[in-house]
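Participant: I'm passing along target-v7.cif; it holds mmCIF, C-alpha atoms (C1' of nucleotides).
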```cif
data_work
loop_
_atom_site.label_atom_id
_atom_site.label_comp_id
_atom_site.auth_asym_id
_atom_site.auth_seq_id
_atom_site.Cartn_x
_atom_site.Cartn_y
_atom_site.Cartn_z
CA MET A 111 49.42 -11.97 5.25
CA TYR A 112 50.42 -8.29 5.19
CA ASP A 113 51.88 -9.01 1.80
CA THR A 114 48.49 -8.97 0.09
CA PHE A 115 47.90 -5.46 1.38
CA GLN A 116 51.37 -4.33 0.33
CA GLN A 117 50.74 -5.63 -3.18
CA TYR A 118 47.45 -3.78 -3.23
CA LEU A 119 49.18 -0.55 -2.26
CA ASP A 120 51.91 -1.08 -4.85
CA SER A 121 49.31 -1.60 -7.53
CA LYS A 122 47.63 1.68 -6.66
CA ILE A 123 50.29 4.16 -5.58
CA ALA A 124 54.06 4.65 -5.54
CA LEU A 125 55.48 4.85 -2.04
CA THR A 126 58.99 5.24 -0.66
CA ASN A 127 60.32 2.51 1.58
CA ASP A 128 59.96 4.82 4.58
CA GLU A 129 56.34 5.44 3.75
CA LYS A 130 55.68 1.73 3.32
CA GLU A 131 57.31 1.08 6.65
CA LEU A 132 55.27 3.82 8.31
CA ILE A 133 52.06 2.24 7.12
CA ARG A 134 53.16 -1.25 8.04
CA SER A 135 54.29 -0.17 11.48
CA VAL A 136 50.78 0.85 12.54
CA SER A 137 48.93 -1.99 10.84
CA ILE A 138 47.14 -4.59 12.92
CA LEU A 139 46.73 -8.12 11.56
CA LYS A 140 43.68 -10.08 12.54
CA LYS A 141 42.35 -13.52 11.69
CA LEU A 142 38.68 -14.35 11.81
CA ARG A 143 37.08 -17.77 11.85
CA LYS A 144 34.00 -18.36 9.72
CA LYS A 145 30.97 -16.72 11.41
CA GLN A 146 33.15 -14.61 13.70
CA TYR A 147 32.17 -10.95 14.11
CA LEU A 148 34.44 -8.12 13.10
CA LEU A 149 31.82 -5.65 14.30
CA GLN A 150 28.70 -6.35 16.30
CA GLU A 151 25.60 -4.20 16.50
CA GLY A 152 25.81 -1.77 19.39
CA ASP A 153 29.60 -1.51 19.33
CA VAL A 154 31.38 1.57 18.03
CA TRP A 155 33.52 0.93 14.99
CA LYS A 156 37.06 2.23 15.48
CA TYR A 157 39.01 1.06 12.45
CA HIS A 158 39.70 1.08 8.78
CA ALA A 159 39.75 -2.54 7.66
CA PHE A 160 41.15 -4.16 4.55
CA ILE A 161 40.41 -7.80 3.71
CA THR A 162 43.48 -9.79 2.65
CA LYS A 163 41.81 -13.20 2.65
CA GLY A 164 38.29 -14.59 2.76
CA CYS A 165 34.85 -13.19 2.35
CA MET A 166 32.76 -11.03 4.69
CA ARG A 167 29.38 -9.36 4.86
CA THR A 168 27.82 -6.29 6.46
CA TYR A 169 24.20 -6.56 7.52
CA ALA A 170 21.47 -5.14 9.72
CA VAL A 171 18.94 -7.17 11.66
CA ASP A 172 15.38 -5.84 11.68
CA GLU A 173 12.79 -6.01 14.46
CA LYS A 174 11.54 -9.35 13.11
CA GLY A 175 15.03 -10.78 13.38
CA ILE A 176 15.55 -10.85 9.62
CA GLU A 177 19.06 -10.10 8.36
CA HIS A 178 19.46 -7.59 5.55
CA ILE A 179 22.86 -7.69 3.88
CA ILE A 180 24.05 -4.36 2.55
CA TYR A 181 27.59 -5.26 1.57
CA PHE A 182 29.87 -8.15 0.65
CA GLY A 183 33.66 -7.83 0.76
CA ILE A 184 36.43 -10.15 -0.40
CA GLU A 185 40.21 -9.96 -0.83
CA ASN A 186 41.40 -6.43 -1.66
CA TRP A 187 38.20 -4.76 -0.53
CA TRP A 188 37.76 -2.40 2.38
CA ILE A 189 35.02 -2.99 4.90
CA GLY A 190 33.65 -1.20 7.97
CA ASP A 191 30.94 1.10 9.22
CA ARG A 192 31.89 4.64 8.25
CA GLU A 193 28.81 6.08 9.90
CA SER A 194 29.66 4.63 13.30
CA LEU A 195 33.29 5.61 12.86
CA LEU A 196 32.52 9.16 11.80
CA ASN A 197 29.99 9.89 14.53
CA GLN A 198 31.42 7.53 17.13
CA THR A 199 27.95 6.16 17.67
CA PRO A 200 26.94 2.55 18.35
CA SER A 201 26.66 0.71 15.08
CA ARG A 202 23.35 -0.62 13.78
CA LEU A 203 25.34 -3.03 11.63
CA ASN A 204 27.04 -6.37 12.00
CA ILE A 205 30.08 -7.45 10.06
CA ASP A 206 31.07 -11.09 10.12
CA ALA A 207 33.11 -13.66 8.25
CA ILE A 208 31.43 -15.84 5.61
CA GLU A 209 34.70 -17.79 5.30
CA ASP A 210 37.83 -17.88 7.46
CA CYS A 211 39.32 -14.44 6.92
CA GLU A 212 42.37 -12.30 7.40
CA VAL A 213 42.15 -8.53 7.69
CA VAL A 214 44.52 -5.61 8.12
CA LEU A 215 43.26 -3.00 10.56
CA PHE A 216 44.24 0.59 11.20
CA THR A 217 42.90 2.61 14.10
CA ASP A 218 41.28 5.83 12.94
CA PRO A 219 43.96 8.11 14.46
CA ASN A 220 46.72 6.09 12.81
CA PHE A 221 44.82 6.07 9.55
CA GLU A 222 44.39 9.84 9.68
CA MET A 223 48.08 10.18 10.48
CA ILE A 224 48.94 8.16 7.37
CA CYS A 225 46.56 10.24 5.26
CA SER A 226 48.05 13.49 6.50
CA LYS A 227 51.65 12.39 5.96
CA ILE A 228 51.21 10.58 2.66
CA SER A 229 49.04 12.57 0.30
CA VAL A 230 48.92 9.90 -2.42
CA PHE A 231 47.50 7.52 0.17
CA ARG A 232 44.89 10.08 1.16
CA ASP A 233 43.99 10.66 -2.47
CA MET A 234 43.68 6.92 -3.02
CA ILE A 235 41.29 6.59 -0.11
CA HIS A 236 39.19 9.49 -1.30
CA ALA A 237 39.02 7.98 -4.77
CA ILE A 238 37.78 4.73 -3.26
CA ILE A 239 35.08 6.44 -1.22
CA SER A 240 34.06 8.44 -4.25
CA LYS A 241 33.73 5.27 -6.32
CA SER A 242 31.84 3.54 -3.54
CA PHE A 243 29.41 6.42 -3.56
CA ASN A 244 28.78 5.77 -7.25
CA VAL A 245 28.40 2.05 -6.69
CA ASN A 246 25.81 2.70 -4.00
CA GLN A 247 23.96 5.14 -6.20
CA ASN A 248 23.77 2.58 -8.98
CA ARG A 249 22.53 0.00 -6.53
CA ILE A 250 19.79 2.36 -5.35
CA LEU A 251 18.71 2.83 -8.95
CA SER A 252 18.69 -0.92 -9.47
CA THR A 253 16.65 -1.65 -6.33
CA ILE A 254 13.99 0.95 -7.06
CA SER A 255 13.65 0.21 -10.76
CA LYS A 256 14.23 -3.48 -11.48
CA SER A 257 12.44 -6.77 -11.02
CA ALA A 258 13.88 -9.48 -8.78
CA GLU A 259 15.12 -11.43 -11.81
CA GLU A 260 16.81 -8.38 -13.32
CA LYS A 261 18.50 -7.58 -10.03
CA TYR A 262 19.82 -11.13 -9.79
CA LEU A 263 21.11 -11.15 -13.37
CA ASP A 264 22.84 -7.82 -12.75
CA PHE A 265 24.38 -9.19 -9.59
CA ILE A 266 25.88 -12.34 -11.09
CA GLN A 267 27.13 -10.34 -14.03
CA LYS A 268 28.73 -7.69 -11.85
CA TYR A 269 29.98 -9.95 -9.07
CA ALA A 270 30.62 -13.23 -10.86
CA ASP A 271 33.34 -14.21 -8.41
CA PHE A 272 31.00 -13.83 -5.43
CA THR A 273 28.26 -16.14 -6.57
CA THR A 274 30.23 -19.33 -6.00
CA ARG A 275 31.49 -18.31 -2.57
CA ILE A 276 28.36 -16.83 -1.07
CA PRO A 277 25.35 -18.94 -0.03
CA GLN A 278 22.33 -18.28 -2.17
CA ALA A 279 20.22 -17.16 0.76
CA MET A 280 22.71 -14.37 1.46
CA ILE A 281 22.60 -13.19 -2.13
CA ALA A 282 18.81 -13.11 -1.84
CA SER A 283 19.14 -11.01 1.31
CA TYR A 284 21.49 -8.61 -0.49
CA LEU A 285 18.99 -8.26 -3.33
CA GLY A 286 16.09 -7.70 -0.96
CA ILE A 287 14.21 -10.84 -1.98
CA LYS A 288 13.41 -14.15 -0.25
CA PRO A 289 15.57 -17.27 -0.69
CA GLU A 290 12.60 -19.18 -2.11
CA THR A 291 12.07 -16.50 -4.71
CA LEU A 292 15.72 -16.56 -5.73
CA SER A 293 15.60 -20.34 -6.04
CA ARG A 294 12.60 -20.07 -8.36
CA ILE A 295 14.26 -17.34 -10.40
CA ARG A 296 17.37 -19.48 -10.89
CA ASN A 297 15.19 -22.39 -11.84
CA GLY A 298 13.39 -20.23 -14.37
CA ILE A 299 16.65 -18.97 -15.88
CA ALA A 300 18.09 -22.51 -16.07
CA ARG A 301 15.14 -23.91 -18.01
CA LYS A 302 15.34 -21.20 -20.65
CA MET B 57 22.82 34.88 -5.57
CA TYR B 58 26.43 33.98 -4.83
CA ASP B 59 25.77 35.17 -1.32
CA THR B 60 23.94 31.99 -0.34
CA PHE B 61 26.99 29.96 -1.29
CA GLN B 62 29.29 32.31 0.61
CA GLN B 63 27.15 31.95 3.70
CA TYR B 64 27.29 28.19 3.31
CA LEU B 65 31.08 28.30 3.15
CA ASP B 66 31.28 30.60 6.15
CA SER B 67 29.10 28.24 8.15
CA LYS B 68 31.40 25.32 7.38
CA ILE B 69 34.96 26.59 7.19
CA ALA B 70 37.07 29.65 7.99
CA LEU B 71 38.62 31.24 4.92
CA THR B 72 40.81 34.28 4.37
CA ASN B 73 39.49 37.02 2.12
CA ASP B 74 41.97 35.98 -0.56
CA GLU B 75 40.70 32.43 -0.43
CA LYS B 76 37.11 33.58 -0.61
CA GLU B 77 37.98 35.71 -3.60
CA LEU B 78 39.80 32.83 -5.29
CA ILE B 79 36.72 30.65 -5.00
CA ARG B 80 34.37 33.38 -6.11
CA SER B 81 36.56 34.29 -9.08
CA VAL B 82 36.10 30.87 -10.69
CA SER B 83 32.45 30.39 -9.80
CA ILE B 84 29.82 30.33 -12.52
CA LEU B 85 26.29 31.49 -11.73
CA LYS B 86 23.45 29.91 -13.56
CA LYS B 87 19.68 30.27 -13.46
CA LEU B 88 17.35 27.49 -14.44
CA ARG B 89 13.67 27.69 -15.26
CA LYS B 90 11.36 25.05 -13.92
CA LYS B 91 11.77 21.84 -15.97
CA GLN B 92 15.05 23.02 -17.47
CA TYR B 93 17.87 20.48 -17.60
CA LEU B 94 21.13 20.98 -15.78
CA LEU B 95 22.37 17.67 -17.17
CA GLN B 96 20.79 15.54 -19.85
CA GLU B 97 21.31 11.83 -20.42
CA GLY B 98 24.14 11.20 -22.87
CA ASP B 99 26.03 14.37 -21.98
CA VAL B 100 29.23 14.29 -19.98
CA TRP B 101 29.01 16.10 -16.66
CA LYS B 102 31.80 18.63 -16.24
CA TYR B 103 31.01 20.50 -13.05
CA HIS B 104 30.56 20.64 -9.34
CA ALA B 105 27.21 22.26 -8.69
CA PHE B 106 25.77 23.88 -5.60
CA ILE B 107 22.12 24.86 -5.39
CA THR B 108 21.54 28.35 -3.98
CA LYS B 109 17.83 28.51 -4.76
CA GLY B 110 15.09 26.12 -5.78
CA CYS B 111 14.66 22.41 -5.93
CA MET B 112 16.10 19.85 -8.33
CA ARG B 113 16.08 16.15 -9.00
CA THR B 114 18.38 13.52 -10.48
CA TYR B 115 16.76 10.63 -12.30
CA ALA B 116 17.24 7.85 -14.82
CA VAL B 117 14.74 6.85 -17.48
CA ASP B 118 14.32 3.11 -18.08
CA GLU B 119 13.60 1.28 -21.32
CA LYS B 120 9.85 1.62 -20.71
CA GLY B 121 10.23 5.38 -20.41
CA ILE B 122 9.61 5.41 -16.68
CA GLU B 123 11.57 7.95 -14.63
CA HIS B 124 13.34 6.75 -11.50
CA ILE B 125 14.41 9.55 -9.19
CA ILE B 126 17.56 8.83 -7.23
CA TYR B 127 18.16 12.22 -5.66
CA PHE B 128 16.47 15.47 -4.66
CA GLY B 129 18.46 18.61 -3.93
CA ILE B 130 17.44 22.00 -2.54
CA GLU B 131 19.19 25.14 -1.31
CA ASN B 132 22.60 24.39 0.21
CA TRP B 133 22.89 20.95 -1.35
CA TRP B 134 25.35 19.81 -3.96
CA ILE B 135 24.14 18.03 -7.06
CA GLY B 136 25.72 16.36 -10.08
CA ASP B 137 26.77 13.06 -11.58
CA ARG B 138 30.06 12.07 -9.99
CA GLU B 139 30.29 8.91 -12.06
CA SER B 140 30.11 10.76 -15.36
CA LEU B 141 32.49 13.41 -14.05
CA LEU B 142 35.02 10.91 -12.73
CA ASN B 143 35.10 8.71 -15.81
CA GLN B 144 34.24 11.41 -18.33
CA THR B 145 31.61 9.09 -19.76
CA PRO B 146 28.15 10.02 -21.09
CA SER B 147 25.74 10.24 -18.19
CA ARG B 148 22.85 7.85 -17.79
CA LEU B 149 21.19 10.45 -15.59
CA ASN B 150 19.14 13.56 -16.03
CA ILE B 151 19.15 16.49 -13.66
CA ASP B 152 16.44 19.10 -13.97
CA ALA B 153 14.72 21.85 -12.05
CA ILE B 154 11.53 21.11 -10.14
CA GLU B 155 11.23 24.84 -9.39
CA ASP B 156 12.99 27.87 -10.85
CA CYS B 157 16.53 27.47 -9.57
CA GLU B 158 19.84 29.17 -9.12
CA VAL B 159 23.08 27.22 -8.98
CA VAL B 160 26.76 27.94 -8.53
CA LEU B 161 28.99 25.90 -10.85
CA PHE B 162 32.68 25.12 -10.80
CA THR B 163 34.42 23.36 -13.64
CA ASP B 164 36.26 20.28 -12.45
CA PRO B 165 39.76 21.71 -13.07
CA ASN B 166 38.89 24.86 -11.15
CA PHE B 167 37.33 22.82 -8.39
CA GLU B 168 40.46 20.67 -8.13
CA MET B 169 42.56 23.81 -8.08
CA ILE B 170 40.54 25.14 -5.14
CA CYS B 171 40.85 21.80 -3.32
CA SER B 172 44.60 21.72 -3.81
CA LYS B 173 45.13 25.30 -2.68
CA ILE B 174 42.67 25.38 0.20
CA SER B 175 42.94 22.24 2.29
CA VAL B 176 40.01 23.05 4.56
CA PHE B 177 37.85 23.29 1.46
CA ARG B 178 39.11 19.91 0.26
CA ASP B 179 38.45 18.40 3.68
CA MET B 180 34.94 19.85 3.70
CA ILE B 181 34.20 18.28 0.32
CA HIS B 182 35.54 14.92 1.41
CA ALA B 183 33.44 15.05 4.55
CA ILE B 184 30.36 15.72 2.43
CA ILE B 185 31.08 12.80 0.10
CA SER B 186 31.72 10.57 3.07
CA LYS B 187 28.39 11.54 4.61
CA SER B 188 26.62 11.07 1.30
CA PHE B 189 28.03 7.58 1.17
CA ASN B 190 26.41 6.88 4.54
CA VAL B 191 23.13 8.39 3.44
CA ASN B 192 23.09 6.16 0.38
CA GLN B 193 23.92 3.11 2.43
CA ASN B 194 21.03 3.83 4.77
CA ARG B 195 18.75 4.29 1.81
CA ILE B 196 19.81 0.93 0.40
CA LEU B 197 19.00 -0.69 3.72
CA SER B 198 15.63 1.03 3.75
CA THR B 199 14.72 -0.01 0.20
CA ILE B 200 15.64 -3.67 0.66
CA SER B 201 14.08 -4.07 4.09
CA LYS B 202 10.99 -1.90 4.44
CA SER B 203 7.40 -1.80 3.21
CA ALA B 204 6.17 1.03 1.00
CA GLU B 205 4.41 2.67 3.94
CA GLU B 206 7.50 2.47 6.15
CA LYS B 207 9.64 3.98 3.41
CA TYR B 208 7.20 6.85 3.00
CA LEU B 209 7.01 7.53 6.74
CA ASP B 210 10.80 7.52 6.92
CA PHE B 211 10.96 9.91 4.00
CA ILE B 212 8.58 12.53 5.38
CA GLN B 213 10.28 12.31 8.73
CA LYS B 214 13.76 12.70 7.29
CA TYR B 215 12.92 15.21 4.57
CA ALA B 216 9.98 17.10 6.04
CA ASP B 217 10.87 20.26 4.09
CA PHE B 218 10.77 18.40 0.76
CA THR B 219 7.30 16.99 1.01
CA THR B 220 5.53 20.28 0.44
CA ARG B 221 7.69 21.32 -2.49
CA ILE B 222 7.90 18.09 -4.41
CA PRO B 223 4.96 16.60 -6.33
CA GLN B 224 3.71 13.39 -4.79
CA ALA B 225 4.37 11.38 -7.93
CA MET B 226 8.05 12.30 -7.71
CA ILE B 227 8.25 11.19 -4.11
CA ALA B 228 6.70 7.89 -5.17
CA SER B 229 9.33 7.56 -7.89
CA TYR B 230 12.08 8.24 -5.36
CA LEU B 231 10.67 5.56 -3.08
CA GLY B 232 10.35 3.05 -5.90
CA ILE B 233 6.56 2.82 -5.71
CA LYS B 234 3.70 3.92 -7.98
CA PRO B 235 1.87 7.24 -7.50
CA GLU B 236 -1.43 5.38 -6.99
CA THR B 237 0.12 3.33 -4.24
CA LEU B 238 1.49 6.40 -2.49
CA SER B 239 -1.89 8.08 -2.70
CA ARG B 240 -3.51 5.06 -1.05
CA ILE B 241 -0.82 4.93 1.62
CA ARG B 242 -1.38 8.60 2.47
CA ASN B 243 -5.08 8.01 2.56
CA GLY B 244 -4.55 5.08 4.91
CA ILE B 245 -2.33 7.11 7.23
CA ALA B 246 -4.78 10.04 7.28
CA ARG B 247 -7.72 7.91 8.35
CA LYS B 248 -5.84 6.40 11.29
"C1'" DT C 33 28.35 -46.16 6.93
"C1'" DT C 34 24.92 -43.85 9.19
"C1'" DT C 35 23.13 -39.78 11.12
"C1'" DC C 36 22.50 -35.13 11.39
"C1'" DC C 37 22.39 -30.76 9.68
"C1'" DC C 38 22.10 -27.17 6.55
"C1'" DA C 39 21.33 -25.21 2.02
"C1'" DC C 40 18.28 -25.45 -1.35
"C1'" DT C 41 14.01 -26.79 -3.81
"C1'" DT C 42 9.17 -27.32 -4.65
"C1'" DG C 43 4.23 -26.74 -3.91
"C1'" DA C 44 0.04 -24.36 -2.29
"C1'" DT C 45 -1.73 -20.23 -0.97
"C1'" DG C 46 -1.72 -15.27 0.55
"C1'" DT C 47 -0.92 -10.30 -0.12
"C1'" DA C 48 1.38 -5.88 -1.08
"C1'" DG C 49 1.73 -3.27 -4.58
"C1'" DA C 50 1.09 -2.82 -9.84
"C1'" DT C 51 -1.83 -1.96 -13.61
"C1'" DC C 52 -5.61 -0.05 -16.14
"C1'" DA C 53 -9.19 3.14 -16.38
"C1'" DA C 54 -12.22 6.67 -14.94
"C1'" DT C 55 -12.95 10.87 -11.97
"C1'" DT C 56 -12.00 14.64 -9.22
"C1'" DT C 57 -9.13 18.32 -7.80
"C1'" DA C 58 -5.39 21.56 -8.51
"C1'" DT C 59 -2.44 24.54 -11.58
"C1'" DT C 60 -1.25 26.84 -15.59
"C1'" DT C 61 -2.11 29.56 -19.32
"C1'" DC C 62 -4.35 32.79 -22.22
"C1'" DG D 92 -11.75 33.93 -14.84
"C1'" DA D 93 -12.63 30.38 -18.18
"C1'" DA D 94 -10.35 26.84 -20.63
"C1'" DA D 95 -6.79 23.74 -20.83
"C1'" DT D 96 -3.51 20.92 -18.67
"C1'" DA D 97 -1.49 18.44 -15.13
"C1'" DA D 98 -1.64 16.14 -10.50
"C1'" DA D 99 -3.94 13.32 -7.32
"C1'" DT D 100 -7.69 10.13 -6.01
"C1'" DT D 101 -10.51 6.09 -6.33
"C1'" DG D 102 -12.16 1.59 -7.91
"C1'" DA D 103 -11.58 -3.01 -10.04
"C1'" DT D 104 -8.51 -6.36 -11.21
"C1'" DC D 105 -4.00 -8.58 -11.81
"C1'" DT D 106 0.62 -10.36 -10.65
"C1'" DA D 107 5.21 -10.66 -8.69
"C1'" DC D 108 6.86 -11.91 -4.79
"C1'" DA D 109 6.06 -13.47 0.16
"C1'" DT D 110 4.67 -16.83 3.30
"C1'" DC D 111 4.09 -21.29 5.18
"C1'" DA D 112 5.08 -25.98 4.97
"C1'" DA D 113 7.19 -30.32 3.23
"C1'" DG D 114 10.58 -32.49 0.98
"C1'" DT D 115 15.37 -33.43 -1.17
"C1'" DG D 116 20.21 -33.81 -1.62
"C1'" DG D 117 24.81 -33.49 -0.18
"C1'" DG D 118 28.59 -32.76 2.94
"C1'" DA D 119 30.56 -32.87 7.76
"C1'" DA D 120 30.77 -35.40 12.16
"C1'" DA D 121 31.21 -39.75 14.61
#
```
How does this structure look as structure tokens?

Facilitator:
Amino acid sequence: MYDTFQQYLDSKIALTNDEKELIRSVSILKKLRKKQYLLQEGDVWKYHAFITKGCMRTYAVDEKGIEHIIYFGIENWWIGDRESLLNQTPSRLNIDAIEDCEVVLFTDPNFEMICSKISVFRDMIHAIISKSFNVNQNRILSTISKSAEEKYLDFIQKYADFTTRIPQAMIASYLGIKPETLSRIRNGIARK
Amino acid sequence: MYDTFQQYLDSKIALTNDEKELIRSVSILKKLRKKQYLLQEGDVWKYHAFITKGCMRTYAVDEKGIEHIIYFGIENWWIGDRESLLNQTPSRLNIDAIEDCEVVLFTDPNFEMICSKISVFRDMIHAIISKSFNVNQNRILSTISKSAEEKYLDFIQKYADFTTRIPQAMIASYLGIKPETLSRIRNGIARK
DNA sequence: TTTCCCACTTGATGTAGATCAATTTATTTC
DNA sequence: GAAATAAATTGATCTACATCAAGTGGGAAA
């Protein structure tokens, strides 16, 4: 279970055995059943979380009770609420498991400790955040400029591996369209 | 002109005079006329840019020739295309001046040099990127979940100082709606 | 196997926002 | 300060997507 994370680290950075052991020693392993929350609205997020197995989502619920998914994560992706973590404020977001999942958690102080002691780790994390920033910026451009069909085609092209694992209604939510609309779009594409 | 940037630094981090001088020594000052490009689509972005005066925008142009604004920046904001910088690929974005502007530029190697030598500077930059990530995430949530009117009300509340300086049509573009629609929304709000 | 449930589809209709086109109101520019 | 240019408004119409409501199929429970 930790092994997946270790392989991820090895693929990204070169660490000494002591460094590996330091990281492992403060890691927390957690299993989640399908539908189980990792973070629930109103709670303060305290961790840095890495998914080693399964598929998760981050979403907000609006005043009408409608869920709006802002993020999907699978194996080898990080997930969390950086805003809640940074400001130590109650989260407006929910994170839960779409499938049975396994995650590796680090408390923020331990994570900071690792970053301060292992500069390649810190650099790796900063590179990830930097890339995530770009991903978000591209998604903003997509949402403000494209039609529902274009957004869907972009999505399945970019996240081909997600489309089979994630219910269609959740993909619709992520794209900011209704499930019925997505169904019709798929229908339209199929009959071309 | 550099003074605005120095004041910004002083407000954020404590630096020795040598450190201040190191930063200043590699800074590049640049003035931009209204409508002048800082970055043009197809070019590779090479800098880290800080606005000391004026107002700028970042936007993409789609295949129909329509501009989609993804970012506004004013005094004391950073601006650039991190994706182009990171990958050294031609940018899909344009950055230009909405008003006459002054910016402080650092080439990427110089910027990295500063980060490596002055850890508080590096930490400041990482904190800014981290916050920007959150801002973008909130904007994604807003665009996929809210009506045009709600988005506009959020915008003027969050960026009150922008609304007077930025043409309405550009705000509409930023929100992903048409200028006519924004005009009608404003009209509707006014007559309430 | 049957039942139940859930994800998805399909149809009919409604509506927010887009489009097209014509004015009016501001800003530049000379 | 007049002429030219650009920005914003307003009206009429259109359309992509939403909404509401039934129906279908397929997989888990019993």

Participant: Mind telling me what the PyMOL selection byres ((chain A and resi 239) around 12) catches here, as a list in words?

Facilitator: Trp187, Trp188, Ile189, Arg192, Arg232, Asp233, Met234, Ile235, His236, Ala237, Ile238, Ser240, Lys241, Ser242, Phe243, Asn244, Val245 and Asn246 of chain A; Arg138, Ile181, His182, Ala183, Ile184, Ile185, Ser186, Lys187, Ser188, Phe189 and Asn190 of chain B

Participant: Once you count all atoms listed in the file, what closest atom pair and distance in Å to one decimal does each residue of chain C within 10 Å of chain B have, with rows by chain and rising residue number, as a Markdown table?

Facilitator:
```
| residue | atom | partner | partner_atom | distance |
| --- | --- | --- | --- | --- |
| C:DA48 | C1' | B:Ser203 | CA | 8.4 |
| C:DG49 | C1' | B:Thr237 | CA | 6.8 |
| C:DA50 | C1' | B:Lys234 | CA | 7.5 |
| C:DT51 | C1' | B:Lys234 | CA | 9.8 |
```

Participant: For the file shown, what are the residues hit by the PyMOL selection byres ((chain B and resi 139-148) around 7), laid out as a compact mmCIF listing (two decimals) with C-alpha atoms, in the frame of the given file?

Facilitator:
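Output (expr-v5.txt):
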```
# COMPACT_ATOMS: atom_id res chain seq x y z
CA ASN A 244 28.78 5.77 -7.25
CA GLU B 97 21.31 11.83 -20.42
CA GLY B 98 24.14 11.20 -22.87
CA ASP B 99 26.03 14.37 -21.98
CA VAL B 100 29.23 14.29 -19.98
CA TRP B 101 29.01 16.10 -16.66
CA LYS B 102 31.80 18.63 -16.24
CA ALA B 116 17.24 7.85 -14.82
CA ASP B 137 26.77 13.06 -11.58
CA ARG B 138 30.06 12.07 -9.99
CA LEU B 149 21.19 10.45 -15.59
```

Participant: Enumerate, as an MDAnalysis selection string, the residues matched when the PyMOL selection byres ((chain D) within 8 of (chain B)) is run on the file above.

Facilitator: chainID D and resid 98:100

Participant: What separation in Å, quoted to one decimal, exists between atom CA of Glu205 of chain B and atom CA of Glu260 of chain A?

Facilitator: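 It comes out at 24.0 Å.
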
Participant: For DA94 of chain D, please output as a ChimeraX atom specification all residues within 12 Å (counting all atoms listed in the file; exclusion window: fewer than 3 positions along the same chain).

Facilitator: /C:60-62

Participant: Given all atoms listed in the file as the basis, pick out the residue of B:Ile170, B:Val159, B:Leu197, B:Ala246 nearest to chain A.

Facilitator: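 Closest residue, counting all atoms listed in the file: B:Leu197.
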